[in-house]
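Below is one structure, written out as structure tokens; the observations come after it.
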Protein chains: 2
Amino acid sequence: MRSSDSPIVIGVDLGGTSVKAGLVSPSGEILYQNKFPSYAEKNPNEVIRQIQVSVQDALKHANGAKVVGVGIGAPGVVDDQGVVKAPPNFVDWDEVPLKGELTKLFSGLPVGIENDANAAAIAESKFGAGKEFPNFLFVIWGTGVGGGIILDHKIFRGPTGGAGEIGHISIDHQGPACNCGSRGCVEAYVGQKYLSVRTAERLKANPESKIWRLVGGDAAKIEPSFISQAAHDGDPIARAILLEAGELLGTALAGVMNVMDLRVSIIGGGLSAAGDFVITAVQDSIVRHVLKPLRKEIRVLPAQLGNNAGILGAAGLVL
Amino acid sequence: MRSSDSPIVIGVDLGGTSVKAGLVSPSGEILYQNKFPSYAEKNPNEVIRQIQVSVQDALKHANGAKVVGVGIGAPGVVDDQGVVKAPPNFVDWDEVPLKGELTKLFSGLPVGIENDANAAAIAESKFGAGKEFPNFLFVIWGTGVGGGIILDHKIFRGPTGGAGEIGHISIDHQGPACNCGSRGCVEAYVGQKYLSVRTAERLKANPESKIWRLVGGDAAKIEPSFISQAAHDGDPIARAILLEAGELLGTALAGVMNVMDLRVSIIGGGLSAAGDFVITAVQDSIVRHVLKPLRKEIRVLPAQLGNNAGILGAAGLVL
């Protein structure tokens, strides 16, 4: 790694499987990154130890550059005091004052902490597709549907840090049950698992779809990457499924645009890679569903930072 | 009117039919109020003249008290420069720089201007049901469904002043057409006109409902006040209609609570007067539809200021 006089920061992306730490320059260049198991299945102390291991490894590679802070993106709700609450897939983790614990460990270095979806939104705002937009909704469309809201170039956390839960807007009050307890949540239509199940249903009547070949005839193996691949190969069923998903997601996003007076959505997560036509489908749907004064200004863009958004957004907390 | 040494302000409530101005004390007491026709069917100059007439009348009644500002609540979108855009029912009114015009007319007095729903939200925040809540969603449930969002005791206007349009959240992507161009908007279920039409439909099969007697057998006369009165008189059809409306409104509000991390809704407008059981129905619905971490803290309260919210909220802009 190059040495440099300009100060750098460490961005940490904490996930249920791995913890990644990166050395990030003020312009958003990742100068080095690593990856360690997060041991989320053990207990909070083990997880904290792994964060420490990854940060210390990154520090070793700083090569004389001055490290001026550590930012962490973590799953779950992160409150104003840096307490991380109930991250999914983390065992024995009810409420952990992660900011406090890490501040003790990295004595002297300022520590920033934020929910992972919010961190990714910050990354797109500072370094990615959102650079030119002071206000936008960042959408993570993957296993679930989540988001982060950028207002005036800053993250909108809401009163307790829980803002951005766009996946649980109901688009059909009599729709399918969502595992949140409500009905017809947009996540229950377009989240990865639900979309796969709905696709399997639909394929029963369409034995000619290319999706079948991609999953070797096993409906249980259907997942969005295959739907996306089949769509790219011109499979009409796959395209129809993704277009419909874009239409449904757009219906929910239009409600958010209306309520918060927003015009721009930036879409990341696995499903956003399905191709331009999905992004266009979301945009067309928002335009059709949003109030008239907003219509002409609606823009939907794919996220630019992919898997690096976690590290970059975490770094953005202390840059 | 009593004379006083403490400074007072003038709050102006501009509507499609009338313009009302009131003298308001710092504690939210309306010391005097008037009412003039707004002449919205003429043109912006006539409307501005009527605002001037009402303000001058109020000033005459100030009785020696020092008037330190004029606040206006106006329909339509109000941008950051105080330009009022496309207020419904105002003829020849595309974009009018109302703040600028009134500042010239009331030389020396600071002028504040805000959208009427936002003004009512401010009123409930400063003087009404929202006093003890730093963050809440104010809902106007009447002819349409509108709202204002209070964050940290201040109005949240969004990037261009259009925030709070909660009536056009779709609760059924395949639902009835709304006159905004979308489908299944909550306003298209529970707004006054739509609710009346749906009630008329439902009454066909229920000739015994007390609503019939209240409207003299004329379905065209059905409006929420009669549904509400019949519900108070124990009519089961009327109660079922209002409870269902509360359920549907709550479904949409739950989405807003999730996205913005809010817990409290304050409900004003004509429909909110339908009785405690409607408010309870909205609350129960939000609790059923909102994400788990919010559930225990959900509270729905009726607005306290009724028709005075307009004047008081406008006054609150300059207090």
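Letters for chains follow the order of the structure tokens (A, B, ...), residue numbers begin at 1 for each chain, and ligand numbers begin at 1 in the order shown.
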
So which residues touch range 18-25 of chain A within 7 Å, counting only C-alpha atoms, skipping near sequence neighbours fewer than 6 positions away, as a PDB file with C-alpha atoms, in the first residue's frame?
```pdb
ATOM      1  CA  ILE A   8      -7.138   8.285   6.373  1.00  0.00           C
ATOM      2  CA  VAL A   9      -9.897   6.498   8.285  1.00  0.00           C
ATOM      3  CA  ILE A  10     -10.927   2.927   8.882  1.00  0.00           C
ATOM      4  CA  GLY A  11     -14.380   1.846   7.741  1.00  0.00           C
ATOM      5  CA  VAL A  12     -15.799  -1.345   9.254  1.00  0.00           C
ATOM      6  CA  LEU A  31      -6.517   1.671   0.005  1.00  0.00           C
ATOM      7  CA  TYR A  32      -6.648  -1.716   1.695  1.00  0.00           C
ATOM      8  CA  GLN A  33      -9.351  -4.055   2.933  1.00  0.00           C
ATOM      9  CA  ASN A  34      -9.609  -7.303   4.837  1.00  0.00           C
ATOM     10  CA  LYS A  35     -12.291  -9.795   5.841  1.00  0.00           C
ATOM     11  CA  PHE A  36     -12.669 -11.879   8.990  1.00  0.00           C
ATOM     12  CA  PRO A  37     -15.463 -14.082  10.326  1.00  0.00           C
ATOM     13  CA  SER A  38     -17.772 -12.032  12.552  1.00  0.00           C
ATOM     14  CA  ILE A  51     -13.973  -6.112  15.013  1.00  0.00           C
ATOM     15  CA  SER A  54      -9.972  -6.543  11.674  1.00  0.00           C
ATOM     16  CA  VAL A  55      -9.229  -2.949  12.731  1.00  0.00           C
ATOM     17  CA  ALA A  58      -6.027  -2.596   8.863  1.00  0.00           C
ATOM     18  CA  ILE A 311     -16.868   0.099   4.249  1.00  0.00           C
ATOM     19  CA  ALA A 315     -15.635   5.557   6.748  1.00  0.00           C
TER      20      ALA A 315
END
```

Exercise: Val139 in chain B partners within 6 Å, only C-alpha atoms, chain neighbours under 3 positions left out, as a list in words: Gly146, Gly147, Ile267 and Gly268 of chain B

Residues of chain A within 7 Å of chain B, only C-alpha atoms counted, as a PyMOL selection string: chain A and resi 158-160+162-166+168-173+180-182+251+255+258-261+288-289+291

Spatial neighbours of Val83 in chain A, 7 Å, only C-alpha atoms, chain gap at least 2 places, as an MDAnalysis selection string: chainID A and resid 78:79 81 85 95:99

Could those residues be written to a file, using C-alpha atoms, as an mmCIF file, in the first residue's frame?
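Written file, again38.cif:
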```cif
data_model
loop_
_atom_site.group_PDB
_atom_site.id
_atom_site.type_symbol
_atom_site.label_atom_id
_atom_site.label_comp_id
_atom_site.auth_asym_id
_atom_site.auth_seq_id
_atom_site.Cartn_x
_atom_site.Cartn_y
_atom_site.Cartn_z
ATOM 1 C CA VAL A 78 -28.391 1.988 16.183
ATOM 2 C CA ASP A 79 -29.487 4.667 18.630
ATOM 3 C CA GLN A 81 -25.702 6.798 21.912
ATOM 4 C CA LYS A 85 -30.198 -3.176 19.231
ATOM 5 C CA GLU A 95 -28.645 -4.188 23.288
ATOM 6 C CA VAL A 96 -24.896 -3.635 23.129
ATOM 7 C CA PRO A 97 -23.259 -0.196 23.621
ATOM 8 C CA LEU A 98 -20.924 -0.891 20.723
ATOM 9 C CA LYS A 99 -19.714 2.678 20.320
#
```

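A straight line drawn from CA of Asn115 in chain A to CA of Gly76 in chain A is 6.4 Å long.
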
Residue list (strand (DSSP E), DSSP) for range 14-196 of chain A, as a PyMOL selection string: chain A and resi 14+18-24+30-33+36-37+67-74+77-78+84-85+95-96+111-115+136-141+145-151+154-156

Helix (DSSP H, G or I) per DSSP on the backbone: members of range 48-87 of chain A, as a ChimeraX atom specification: /A:48-60

For Ser196 in chain B, list every protein, DNA or RNA residue within 7 Å, evaluated using only C-alpha atoms, and leave out those in the same chain fewer than 4 positions away; present the list as a compact mmCIF listing (two decimals) with N, CA and C atoms, in the first residue's frame.
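The result, stored in selection.txt:
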```
# COMPACT_ATOMS: atom_id res chain seq x y z
N GLN B 192 -63.67 12.18 2.63
CA GLN B 192 -65.11 12.41 2.83
C GLN B 192 -65.97 11.96 1.64
N ALA B 200 -73.04 4.91 0.62
CA ALA B 200 -74.29 4.83 -0.15
C ALA B 200 -74.42 3.44 -0.78
N ILE B 222 -75.62 11.79 1.85
CA ILE B 222 -74.78 11.11 2.84
C ILE B 222 -73.45 11.83 2.97
N GLU B 223 -73.13 12.19 4.19
CA GLU B 223 -71.78 12.69 4.45
C GLU B 223 -71.34 12.24 5.83
N PRO B 224 -70.04 12.32 6.10
CA PRO B 224 -69.51 11.72 7.32
C PRO B 224 -70.20 12.16 8.61
```

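Coordinates place CA of Ile227 in chain B at a distance of 8.7 Å from CA of Leu214 in chain B.
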
Shell of 10 Å around Asn307 in chain B, only C-alpha atoms, local chain residues under 2 positions omitted, as a list in words: Asp13, Ala120, Gly268, Gly269, Gly270, Gln304, Leu305, Ala309, Gly310, Ile311 and Leu312 of chain B

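If you count only C-alpha atoms and ignore residues fewer than 3 places along the chain from Arg239 in chain B, what sits within 10 Å of it is Ile227, Ser228, Gln229, Ala230, Ala231, His232, Asp233, Gly234, Asp235, Pro236, Leu242, Leu243, Glu244, Ala245, Ala274, Phe277 and Val278 of chain B.
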
Selection export as a PDB file, in the first residue's frame, atoms kept: C-alpha atoms:
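Result saved to again-v1.pdb:
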```pdb
ATOM      1  CA  ILE B 227     -72.443   8.490   9.478  1.00  0.00           C
ATOM      2  CA  SER B 228     -70.853   9.729  12.657  1.00  0.00           C
ATOM      3  CA  GLN B 229     -74.203  10.713  14.206  1.00  0.00           C
ATOM      4  CA  ALA B 230     -75.747   7.346  13.327  1.00  0.00           C
ATOM      5  CA  ALA B 231     -72.709   5.615  14.833  1.00  0.00           C
ATOM      6  CA  HIS B 232     -73.184   7.619  18.044  1.00  0.00           C
ATOM      7  CA  ASP B 233     -76.811   6.496  18.053  1.00  0.00           C
ATOM      8  CA  GLY B 234     -75.601   2.897  17.981  1.00  0.00           C
ATOM      9  CA  ASP B 235     -76.254   2.105  14.328  1.00  0.00           C
ATOM     10  CA  PRO B 236     -74.155  -1.004  13.636  1.00  0.00           C
ATOM     11  CA  LEU B 242     -66.178   4.102  10.498  1.00  0.00           C
ATOM     12  CA  LEU B 243     -64.246   1.265  12.106  1.00  0.00           C
ATOM     13  CA  GLU B 244     -63.256  -0.021   8.686  1.00  0.00           C
ATOM     14  CA  ALA B 245     -62.214   3.501   7.669  1.00  0.00           C
ATOM     15  CA  ALA B 274     -66.663  10.893  14.728  1.00  0.00           C
ATOM     16  CA  PHE B 277     -64.014   4.574  18.717  1.00  0.00           C
ATOM     17  CA  VAL B 278     -62.678   5.842  15.377  1.00  0.00           C
TER      18      VAL B 278
END
```

Polymer residues at most 10 Å from Lys131 in chain B, only C-alpha atoms, same-chain spacing of 5 or more positions, as a VMD selection string: chain B and resid 122 to 126 153

Using C-alpha atoms, can you write the selected residues to a file as a JSON list (two decimals), in the first residue's frame?
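Contents of selection-v2.json, as written:
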```
[["chain", "number", "residue", "atom", "x", "y", "z"],
["B", 122, "ILE", "CA", -47.69, 23.57, 14.30],
["B", 123, "ALA", "CA", -50.76, 24.71, 16.23],
["B", 124, "GLU", "CA", -51.27, 21.27, 17.77],
["B", 125, "SER", "CA", -47.56, 21.13, 18.54],
["B", 126, "LYS", "CA", -47.40, 24.51, 20.28],
["B", 153, "HIS", "CA", -41.02, 20.29, 17.86]]
```

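Interatomic distance, CA of Leu137 in chain A to CA of Ile140 in chain B: 25.5 Å.
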
Pick from A:Trp212, A:Trp93, A:Tyr189, A:Phe127, whichever lies nearest to Asn45 in chain A using only C-alpha atoms: A:Trp93
